[in-house]
$ cat model-v9.cif   # mmCIF, C-alpha atoms and all ligand atoms
data_model
loop_
_atom_site.label_atom_id
_atom_site.label_comp_id
_atom_site.auth_asym_id
_atom_site.auth_seq_id
_atom_site.Cartn_x
_atom_site.Cartn_y
_atom_site.Cartn_z
CA MET X 195 141.60 102.48 43.72
CA ALA X 196 138.72 104.76 44.52
CA PHE X 197 138.12 102.95 47.77
CA PRO X 198 140.57 104.81 50.00
CA LYS X 199 139.07 108.14 48.96
CA LEU X 200 135.54 106.91 49.47
CA SER X 201 136.27 105.66 52.97
CA HIS X 202 137.93 108.98 53.70
CA LEU X 203 134.80 110.76 52.65
CA LEU X 204 132.57 108.54 54.73
CA LEU X 205 134.77 109.08 57.74
CA SER X 206 134.61 112.87 57.42
CA ALA X 207 130.88 112.70 56.88
CA ALA X 208 130.55 110.71 60.08
CA LEU X 209 132.67 113.23 61.93
CA LEU X 210 130.62 116.09 60.57
CA LEU X 211 127.40 114.41 61.51
CA TRP X 212 128.51 113.72 65.06
CA PRO X 213 127.95 117.21 66.52
CA SER X 214 124.51 117.60 64.96
CA ALA X 215 123.51 114.13 66.16
CA SER X 216 124.42 115.00 69.73
CA ALA X 217 122.76 118.41 69.39
CA SER X 218 119.43 116.83 68.52
CA SER X 219 119.58 114.53 71.54
CA ALA X 220 120.15 117.61 73.71
CA ASP X 221 116.47 118.43 73.22
CA GLU X 222 115.60 115.50 75.43
CA PRO X 223 115.81 116.08 79.16
CA PRO X 224 119.34 115.34 80.38
CA GLN X 225 119.58 111.93 81.97
CA GLU X 226 120.20 112.11 85.70
CA PRO X 227 122.74 109.60 86.96
CA LEU X 228 121.15 106.78 88.94
CA PRO X 229 121.51 107.43 92.70
CA LEU X 230 123.71 105.22 94.85
CA VAL X 231 122.87 103.85 98.30
CA ILE X 232 125.82 102.68 100.44
CA TRP X 233 125.70 100.52 103.57
CA HIS X 234 128.83 100.40 105.72
CA GLY X 235 130.30 97.41 107.51
CA MET X 236 130.73 96.28 111.13
CA GLY X 237 132.19 98.89 113.47
CA ASP X 238 132.04 101.55 110.78
CA SER X 239 129.70 104.49 110.18
CA CYS X 240 128.05 106.28 107.29
CA CYS X 241 130.45 109.13 107.29
CA ASN X 242 133.92 108.09 108.36
CA PRO X 243 136.17 110.17 106.08
CA LEU X 244 138.59 107.25 105.80
CA SER X 245 136.00 104.73 104.64
CA MET X 246 132.46 105.47 103.42
CA GLY X 247 133.18 109.20 103.26
CA ALA X 248 136.06 108.52 100.88
CA ILE X 249 133.95 106.17 98.73
CA LYS X 250 131.20 108.79 98.49
CA LYS X 251 133.75 111.42 97.39
CA MET X 252 135.27 109.09 94.79
CA VAL X 253 131.87 108.35 93.26
CA GLU X 254 130.86 112.03 93.28
CA LYS X 255 134.12 112.97 91.60
CA LYS X 256 133.60 110.49 88.75
CA ILE X 257 129.84 110.88 88.33
CA PRO X 258 129.06 114.60 88.63
CA GLY X 259 125.61 115.34 90.00
CA ILE X 260 125.04 111.84 91.41
CA TYR X 261 123.02 111.53 94.62
CA VAL X 262 124.87 109.28 97.07
CA LEU X 263 123.10 108.21 100.24
CA SER X 264 125.42 106.62 102.79
CA LEU X 265 123.10 104.96 105.28
CA LYS X 266 123.23 106.05 108.91
CA ILE X 267 121.46 103.66 111.27
CA GLY X 268 120.58 105.75 114.31
CA LYS X 269 120.64 109.42 115.20
CA THR X 270 124.36 109.90 115.73
CA LEU X 271 127.56 108.47 114.32
CA ILE X 272 128.21 106.67 117.61
CA GLU X 273 124.76 105.08 117.48
CA ASP X 274 125.42 104.11 113.88
CA VAL X 275 128.60 102.25 114.93
CA GLU X 276 126.93 100.61 117.95
CA ASN X 277 123.96 99.51 115.88
CA SER X 278 126.31 97.64 113.54
CA PHE X 279 126.88 95.28 116.49
CA PHE X 280 123.72 95.39 118.53
CA LEU X 281 120.61 96.37 116.59
CA ASN X 282 118.60 93.44 115.23
CA VAL X 283 119.28 93.31 111.47
CA ASN X 284 115.63 92.63 110.65
CA HIS X 285 114.84 95.90 112.36
CA GLN X 286 117.70 97.67 110.56
CA VAL X 287 116.51 96.42 107.17
CA ALA X 288 112.96 97.60 107.94
CA LEU X 289 114.30 101.03 108.92
CA VAL X 290 116.29 101.28 105.69
CA CYS X 291 113.31 100.20 103.58
CA GLU X 292 111.32 103.01 105.17
CA MET X 293 114.10 105.55 104.51
CA LEU X 294 114.38 104.52 100.86
CA ALA X 295 110.62 104.54 100.31
CA LYS X 296 110.40 108.08 101.71
CA ASP X 297 113.35 109.52 99.78
CA PRO X 298 111.98 111.40 96.74
CA LYS X 299 115.35 111.18 94.96
CA LEU X 300 115.26 107.38 94.88
CA GLN X 301 111.83 106.75 93.45
CA GLN X 302 113.02 106.03 89.90
CA GLY X 303 115.43 103.39 91.19
CA TYR X 304 118.94 103.24 92.59
CA ASN X 305 122.12 101.21 92.67
CA ALA X 306 123.30 99.77 95.96
CA MET X 307 126.77 99.06 97.28
CA GLY X 308 127.28 97.23 100.56
CA PHE X 309 130.59 96.86 102.33
CA SER X 310 131.22 93.69 104.31
CA GLN X 311 128.07 92.87 106.33
CA GLY X 312 126.38 95.78 104.54
CA GLY X 313 126.56 93.53 101.45
CA GLN X 314 124.17 90.92 102.82
CA PHE X 315 122.01 93.57 104.50
CA LEU X 316 121.42 95.33 101.18
CA ARG X 317 120.54 92.00 99.58
CA ALA X 318 117.84 91.68 102.25
CA VAL X 319 116.61 95.14 101.25
CA ALA X 320 116.43 94.01 97.60
CA GLN X 321 114.47 90.89 98.54
CA ARG X 322 112.12 92.39 101.11
CA CYS X 323 111.52 95.85 99.65
CA PRO X 324 111.18 95.80 95.86
CA SER X 325 109.99 99.42 95.78
CA PRO X 326 111.74 101.68 94.97
CA PRO X 327 113.61 99.30 92.68
CA MET X 328 117.25 98.44 93.24
CA ILE X 329 118.99 98.17 89.85
CA ASN X 330 122.49 96.84 90.49
CA LEU X 331 123.64 95.37 93.80
CA ILE X 332 127.37 95.38 94.54
CA SER X 333 128.49 93.36 97.54
CA VAL X 334 132.04 94.33 98.47
CA GLY X 335 133.39 91.57 100.71
CA GLY X 336 129.84 90.77 101.90
CA GLN X 337 129.23 87.42 103.61
CA GLN X 338 126.34 86.11 101.55
CA GLN X 339 126.43 82.69 103.23
CA GLY X 340 127.38 84.08 106.63
CA VAL X 341 130.48 83.40 108.68
CA TYR X 342 131.70 80.61 110.89
CA GLY X 343 134.36 82.52 112.73
CA LEU X 344 135.65 86.03 113.25
CA PRO X 345 139.39 85.48 112.98
CA ARG X 346 140.12 89.17 113.15
CA CYS X 347 137.97 92.24 113.56
CA PRO X 348 138.55 95.27 111.41
CA GLY X 349 138.97 98.68 112.98
CA VAL X 350 139.63 99.66 116.55
CA SER X 351 136.98 97.67 118.40
CA SER X 352 139.06 94.60 119.23
CA HIS X 353 137.70 94.35 122.80
CA ILE X 354 134.13 94.30 121.48
CA CYS X 355 135.29 91.72 118.98
CA ASP X 356 136.74 89.39 121.61
CA TRP X 357 133.50 89.60 123.54
CA ILE X 358 131.43 88.89 120.41
CA ARG X 359 133.57 85.88 119.52
CA LYS X 360 133.09 84.41 123.00
CA THR X 361 129.35 85.02 122.92
CA LEU X 362 128.98 83.42 119.49
CA ASN X 363 130.91 80.36 120.55
CA MET X 364 128.75 80.04 123.66
CA GLY X 365 125.47 79.93 121.79
CA ALA X 366 124.90 81.98 118.67
CA TYR X 367 121.46 80.47 118.15
CA ALA X 368 120.04 81.18 121.61
CA LYS X 369 117.00 83.43 121.20
CA GLY X 370 118.36 86.20 123.42
CA ILE X 371 121.62 86.33 121.48
CA GLN X 372 119.96 86.14 118.06
CA GLU X 373 117.82 89.14 118.84
CA ARG X 374 120.61 91.27 120.24
CA LEU X 375 123.81 90.49 118.38
CA VAL X 376 124.08 91.34 114.71
CA GLN X 377 126.94 88.94 113.98
CA ALA X 378 124.93 86.05 115.47
CA GLU X 379 122.24 86.79 112.91
CA TYR X 380 124.53 85.78 110.07
CA TRP X 381 126.44 83.15 112.03
CA HIS X 382 126.36 79.97 109.95
CA ASP X 383 127.42 76.79 111.71
CA PRO X 384 128.02 74.17 108.99
CA ILE X 385 128.38 71.39 111.57
CA LYS X 386 125.06 72.11 113.25
CA GLU X 387 123.34 73.18 110.06
CA ASP X 388 119.93 72.19 111.44
CA LEU X 389 120.31 74.59 114.32
CA TYR X 390 121.25 77.37 111.91
CA ARG X 391 118.35 76.56 109.62
CA ASN X 392 115.82 76.57 112.43
CA HIS X 393 117.08 79.40 114.61
CA SER X 394 118.96 81.99 112.56
CA ILE X 395 116.53 84.91 112.52
CA PHE X 396 118.16 86.73 109.60
CA LEU X 397 120.46 84.84 107.25
CA ALA X 398 118.50 81.57 107.19
CA ASP X 399 115.42 83.64 106.38
CA ILE X 400 116.86 85.61 103.45
CA ASN X 401 118.57 82.47 102.13
CA GLN X 402 115.24 80.62 102.08
CA GLU X 403 116.39 77.87 104.46
CA ARG X 404 112.96 77.41 106.03
CA GLY X 405 110.81 77.63 102.93
CA ILE X 406 110.49 79.68 99.80
CA ASN X 407 109.19 83.20 99.83
CA GLU X 408 108.37 83.96 96.21
CA THR X 409 108.69 87.70 96.83
CA TYR X 410 112.33 87.21 97.82
CA ARG X 411 113.02 85.21 94.70
CA LYS X 412 111.20 87.49 92.32
CA SER X 413 112.68 90.66 93.82
CA LEU X 414 116.27 89.41 93.75
CA MET X 415 115.85 88.25 90.17
CA ALA X 416 114.65 91.72 89.21
CA LEU X 417 118.18 93.03 89.73
CA LYS X 418 120.05 93.86 86.56
CA LYS X 419 123.39 92.76 88.01
CA PHE X 420 124.42 91.24 91.32
CA VAL X 421 128.15 91.86 91.67
CA MET X 422 130.15 90.08 94.37
CA VAL X 423 133.70 91.11 95.24
CA LYS X 424 135.98 88.63 97.00
CA PHE X 425 139.23 89.60 98.70
CA LEU X 426 141.74 86.87 98.01
CA ASN X 427 143.83 87.55 101.11
CA ASP X 428 140.94 88.26 103.47
CA SER X 429 141.89 87.65 107.11
CA VAL X 430 138.55 88.80 108.55
CA VAL X 431 135.93 86.60 106.89
CA ASP X 432 135.73 82.84 107.49
CA PRO X 433 135.29 81.29 105.00
CA VAL X 434 136.27 83.82 102.32
CA ASP X 435 134.17 81.81 99.80
CA SER X 436 131.09 83.33 101.47
CA GLU X 437 131.95 86.55 99.62
CA TRP X 438 131.04 84.69 96.40
CA PHE X 439 128.05 82.95 98.02
CA GLY X 440 129.95 79.70 98.58
CA PHE X 441 130.38 78.04 101.98
CA TYR X 442 131.65 75.04 103.91
CA ARG X 443 130.20 71.81 102.67
CA SER X 444 127.53 70.87 105.22
CA GLY X 445 128.66 68.70 108.14
CA GLN X 446 132.25 69.91 108.46
CA ALA X 447 134.31 73.10 108.48
CA LYS X 448 137.33 72.40 106.27
CA GLU X 449 136.22 71.90 102.70
CA THR X 450 134.36 74.71 100.96
CA ILE X 451 132.12 74.53 97.91
CA PRO X 452 131.26 77.23 95.38
CA LEU X 453 127.76 78.66 95.08
CA GLN X 454 127.09 76.47 92.04
CA ASP X 455 127.43 73.31 94.18
CA THR X 456 125.12 74.42 96.99
CA ASP X 457 121.48 73.28 97.40
CA LEU X 458 120.44 76.91 97.36
CA TYR X 459 121.67 77.07 93.77
CA THR X 460 120.78 73.62 92.45
CA GLN X 461 117.24 73.88 93.88
CA ASP X 462 117.25 77.52 92.75
CA ARG X 463 115.43 78.64 95.90
CA LEU X 464 116.55 82.23 95.40
CA GLY X 465 116.70 82.47 91.61
CA LEU X 466 120.50 82.59 91.67
CA LYS X 467 120.84 79.79 89.15
CA GLU X 468 118.55 81.53 86.73
CA MET X 469 120.39 84.80 87.31
CA ASP X 470 123.71 83.05 86.70
CA LYS X 471 122.48 81.56 83.43
CA GLY X 472 121.21 84.98 82.41
CA GLY X 473 124.62 86.56 83.03
CA LYS X 474 123.36 88.61 85.97
CA LEU X 475 125.88 87.36 88.53
CA VAL X 476 129.30 88.99 88.38
CA PHE X 477 132.14 87.48 90.40
CA LEU X 478 135.10 89.79 90.94
CA ALA X 479 138.25 88.97 92.88
CA THR X 480 141.10 91.14 93.99
CA GLU X 481 144.30 90.54 95.90
CA GLY X 482 144.43 92.10 99.31
CA ASP X 483 142.97 91.86 102.79
CA HIS X 484 139.35 92.63 103.71
CA LEU X 485 138.08 95.75 101.92
CA GLN X 486 141.57 96.67 100.75
CA PHE X 487 141.55 98.05 97.23
CA SER X 488 143.05 101.00 95.42
CA GLU X 489 141.14 103.96 94.08
CA GLN X 490 142.16 102.85 90.58
CA TRP X 491 140.82 99.33 91.14
CA PHE X 492 137.51 100.82 92.26
CA TYR X 493 137.25 103.03 89.17
CA THR X 494 138.17 100.24 86.77
CA ASN X 495 136.08 97.43 88.25
CA LEU X 496 133.13 98.89 90.14
CA LEU X 497 132.44 102.27 88.62
CA PRO X 498 131.11 100.77 85.33
CA PHE X 499 128.20 99.26 87.29
CA LEU X 500 127.31 102.71 88.62
CA THR X 501 127.44 104.53 85.30
CA ALA X 502 125.78 101.98 83.01
CA VAL X 503 122.72 103.42 81.27
CA GLN X 504 119.42 101.66 81.81
C1 LIG Z 1 107.64 87.16 102.03
O1 LIG Z 1 108.37 88.36 102.06
C2 LIG Z 1 107.57 89.53 101.99
C3 LIG Z 1 108.51 90.70 101.88
O2 LIG Z 1 109.32 90.80 103.00
C4 LIG Z 1 106.66 89.59 103.22
O3 LIG Z 1 105.85 90.74 103.15
C5 LIG Z 1 105.84 88.34 103.31
O4 LIG Z 1 105.12 88.34 104.53
C6 LIG Z 1 106.71 87.09 103.24
N1 LIG Z 1 105.87 85.93 103.13
C7 LIG Z 1 105.98 84.89 103.93
C8 LIG Z 1 105.06 83.76 103.65
O5 LIG Z 1 106.77 84.84 104.86
C1 LIG Z 2 114.68 71.82 113.10
O1 LIG Z 2 113.32 71.83 112.66
C2 LIG Z 2 112.89 70.59 112.11
C3 LIG Z 2 111.51 70.80 111.53
O2 LIG Z 2 110.69 71.53 112.40
C4 LIG Z 2 112.93 69.55 113.23
O3 LIG Z 2 112.53 68.30 112.72
C5 LIG Z 2 114.36 69.44 113.77
O4 LIG Z 2 114.38 68.55 114.87
C6 LIG Z 2 114.87 70.81 114.21
N1 LIG Z 2 116.26 70.66 114.55
C7 LIG Z 2 116.89 71.42 115.45
C8 LIG Z 2 118.31 71.07 115.73
O5 LIG Z 2 116.36 72.37 116.00
C1 LIG Z 3 146.76 86.51 97.97
O1 LIG Z 3 146.05 85.35 97.66
C2 LIG Z 3 146.30 84.86 96.36
C3 LIG Z 3 145.34 83.70 96.10
O2 LIG Z 3 145.29 82.82 97.17
C4 LIG Z 3 147.76 84.44 96.27
O3 LIG Z 3 148.04 83.95 94.97
C5 LIG Z 3 148.63 85.67 96.57
O4 LIG Z 3 149.98 85.29 96.60
C6 LIG Z 3 148.25 86.30 97.89
N1 LIG Z 3 148.94 87.56 98.03
C7 LIG Z 3 149.51 87.96 99.14
C8 LIG Z 3 150.12 89.31 99.12
O5 LIG Z 3 149.53 87.27 100.15
#

$ encode --input "model-v9.cif" --output "structure tokens"
Amino acid sequence: MAFPKLSHLLLSAALLLWPSASASSADEPPQEPLPLVIWHGMGDSCCNPLSMGAIKKMVEKKIPGIYVLSLKIGKTLIEDVENSFFLNVNHQVALVCEMLAKDPKLQQGYNAMGFSQGGQFLRAVAQRCPSPPMINLISVGGQQQGVYGLPRCPGVSSHICDWIRKTLNMGAYAKGIQERLVQAEYWHDPIKEDLYRNHSIFLADINQERGINETYRKSLMALKKFVMVKFLNDSVVDPVDSEWFGFYRSGQAKETIPLQDTDLYTQDRLGLKEMDKGGKLVFLATEGDHLQFSEQWFYTNLLPFLTAVQ
């Protein structure tokens, strides 16, 4: 019979202790939120108020004081958009690595969030440039196994898109095209997989198709979480499975297989299997077309990866 009273007492004691407990931790320096680096998608720019600008605002609203760097590739917004089509991705990744290494606010580490092709580009940053350290990587509709088709281009650049589609179909793996067309650099032809393996200057390299670079493996595995968001009704990415690191089964372009059935995983060339077993891979799905999500969905599903304490 004394129990209810006792538990009452304990509860009040806990409540009384709470303020003093938090007061003592106030002596420690306040913990700065981890910065966030964003990389936009094809045909977009760092600062479009309807896309990356809005994301930056949303994050700043929910995490006061956070430093958000939305990457601009080039001197102007127009250059930034053009470079998303025409500047060699290997060069872009090197530029970004240099920017991050020079930014004093990022030296303790940062989270990264890539939209569409920005998702695979930031993975290349994680693999090639382990310092400063990337903590969580969030790929929002990124094509981690590339694309074999551009059924529809997002945004207003449909004439550029038609031209790109024609060029890719003509010869995505020709040297001149590889070096000049971003989308060719993550073009993945499952029927001529050999050609892709030998001649893709970007994706085949970061996916360890020509050999294993231990730095890539070690650096990717150093991530705390690698989050991949797939859009269930995506009409831009072919195949949509690429957003979860799956792809067409080699030799044909109808049947797709999940990451767990690919050689990349079973041979664990990139450490993905080990990461998966360790609970580091997070697969999220949402209804909607490419990059279509609500503010609420973003807060509920992605924000926790930006606020988590080390
Ligand atoms: C492996 O990747 C690192 C980081 O990009 C690079 O410095 C190194 O040259 C690569 N090694 C090989 C053998 O390609
Ligand atoms: C790809 O490279 C391998 C090894 O160098 C070679 O045997 C093969 O013929 C090449 N295939 C194509 C289609 O380039
Ligand atoms: C989106 O795709 C999912 C899974 O394929 C399907 O169940 C759903 O009906 C689709 N929604 C719309 C609006 O097309």

$ closest_atom_pairs --input "model-v9.cif" --of "chain X" --to "ligand LIG 3 (chain Z)" --cutoff "12 Å" --atoms "all atoms listed in the file" --output "CSV"
residue,atom,partner,partner_atom,distance
X:Lys424,CA,Z:LIG3,O1,10.6
X:Phe425,CA,Z:LIG3,O1,8.1
X:Leu426,CA,Z:LIG3,O1,4.6
X:Asn427,CA,Z:LIG3,C1,4.4
X:Asp428,CA,Z:LIG3,C1,8.2
X:Ser429,CA,Z:LIG3,O5,10.3
X:Val434,CA,Z:LIG3,O2,10.4
X:Asp435,CA,Z:LIG3,O2,11.5
X:Ala479,CA,Z:LIG3,C3,9.4
X:Thr480,CA,Z:LIG3,C1,8.3
X:Glu481,CA,Z:LIG3,C1,5.2
X:Gly482,CA,Z:LIG3,C1,6.2
X:Asp483,CA,Z:LIG3,C1,8.1
X:His484,CA,Z:LIG3,C1,11.2
X:Gln486,CA,Z:LIG3,C8,11.4

$ residues_near_ligand --input "model-v9.cif" --ligand "ligand LIG 1 (chain Z)" --cutoff "9 Å" --atoms "all atoms listed in the file" --output "PyMOL selection string"
chain X and resi 318-319+321-324+399+405-410

$ residues_near_ligand --input "model-v9.cif" --ligand "ligand LIG 2 (chain Z)" --cutoff "7 Å" --atoms "only C-alpha atoms and all ligand atoms" --output "list in words"
Asp388, Leu389, Arg391 and Asn392 of chain X

$ atom_distance --input "model-v9.cif" --atom1 "CA of Lys266 (chain X)" --atom2 "CA of Phe420 (chain X)"
23.0 Å

$ closest_residue --input "model-v9.cif" --among "X:Asp432, X:Lys418, X:Gly247, X:Tyr261" --to "Ala502 (chain X)" --atoms "only C-alpha atoms"
X:Lys418

$ closest_atom_pairs --input "model-v9.cif" --of "region 380-485 of chain X" --to "region 356-372 of chain X" --cutoff "8 Å" --atoms "all atoms listed in the file" --output "Markdown table"
| residue | atom | partner | partner_atom | distance |
| --- | --- | --- | --- | --- |
| X:Trp381 | CA | X:Ala366 | CA | 6.9 |
| X:Leu389 | CA | X:Tyr367 | CA | 7.1 |
| X:Tyr390 | CA | X:Tyr367 | CA | 7.0 |
| X:His393 | CA | X:Tyr367 | CA | 5.7 |
| X:Ser394 | CA | X:Tyr367 | CA | 6.3 |
| X:Ile395 | CA | X:Gln372 | CA | 6.6 |

$ atom_distance --input "model-v9.cif" --atom1 "CA of Met236 (chain X)" --atom2 "CA of Lys269 (chain X)"
17.1 Å

$ closest_residue --input "model-v9.cif" --among "X:Leu331, X:Leu475, X:Val423, X:Cys240" --to "Phe492 (chain X)" --atoms "all atoms listed in the file"
X:Val423

$ residues_around --input "model-v9.cif" --residues "region 305-317 of chain X" --least-positions-apart "2" --cutoff "9 Å" --atoms "all atoms listed in the file" --output "ChimeraX atom specification"
/X:228-236,246,278,283-284,286-287,303,319-322,327-340,377,380,397,400,414,422,431,437,484-485,499-500

$ atom_distance --input "model-v9.cif" --atom1 "CA of Gln302 (chain X)" --atom2 "CA of Asn282 (chain X)"
28.8 Å

$ residues_around --input "model-v9.cif" --residues "Met469 (chain X)" --least-positions-apart "4" --cutoff "12 Å" --atoms "all atoms listed in the file" --output "ChimeraX atom specification"
/X:411-421,454,459,462-465,473-476

$ closest_residue --input "model-v9.cif" --among "X:Tyr493, X:Phe441, X:Phe279, X:Tyr304" --to "Pro326 (chain X)" --atoms "all atoms listed in the file"
X:Tyr304

$ closest_atom_pairs --input "model-v9.cif" --of "region 285-382 of chain X" --to "region 442-450 of chain X" --cutoff "10 Å" --atoms "all atoms listed in the file" --output "Markdown table"
| residue | atom | partner | partner_atom | distance |
| --- | --- | --- | --- | --- |
| X:Gln339 | CA | X:Tyr442 | CA | 9.3 |
| X:Val341 | CA | X:Tyr442 | CA | 9.7 |
| X:Tyr342 | CA | X:Ala447 | CA | 8.3 |
| X:His382 | CA | X:Tyr442 | CA | 9.4 |

$ closest_residue --input "model-v9.cif" --among "X:Phe280, X:Lys467, X:Leu265, X:Asp297" --to "Ala378 (chain X)" --atoms "only C-alpha atoms"
X:Phe280

$ closest_residue --input "model-v9.cif" --among "X:Ser264, X:Leu466, X:Thr494, X:Glu387" --to "Ser245 (chain X)" --atoms "all atoms listed in the file"
X:Ser264

$ closest_residue --input "model-v9.cif" --among "X:Glu489, X:Leu497, X:Pro345, X:Arg374" --to "Ala248 (chain X)" --atoms "only C-alpha atoms"
X:Glu489
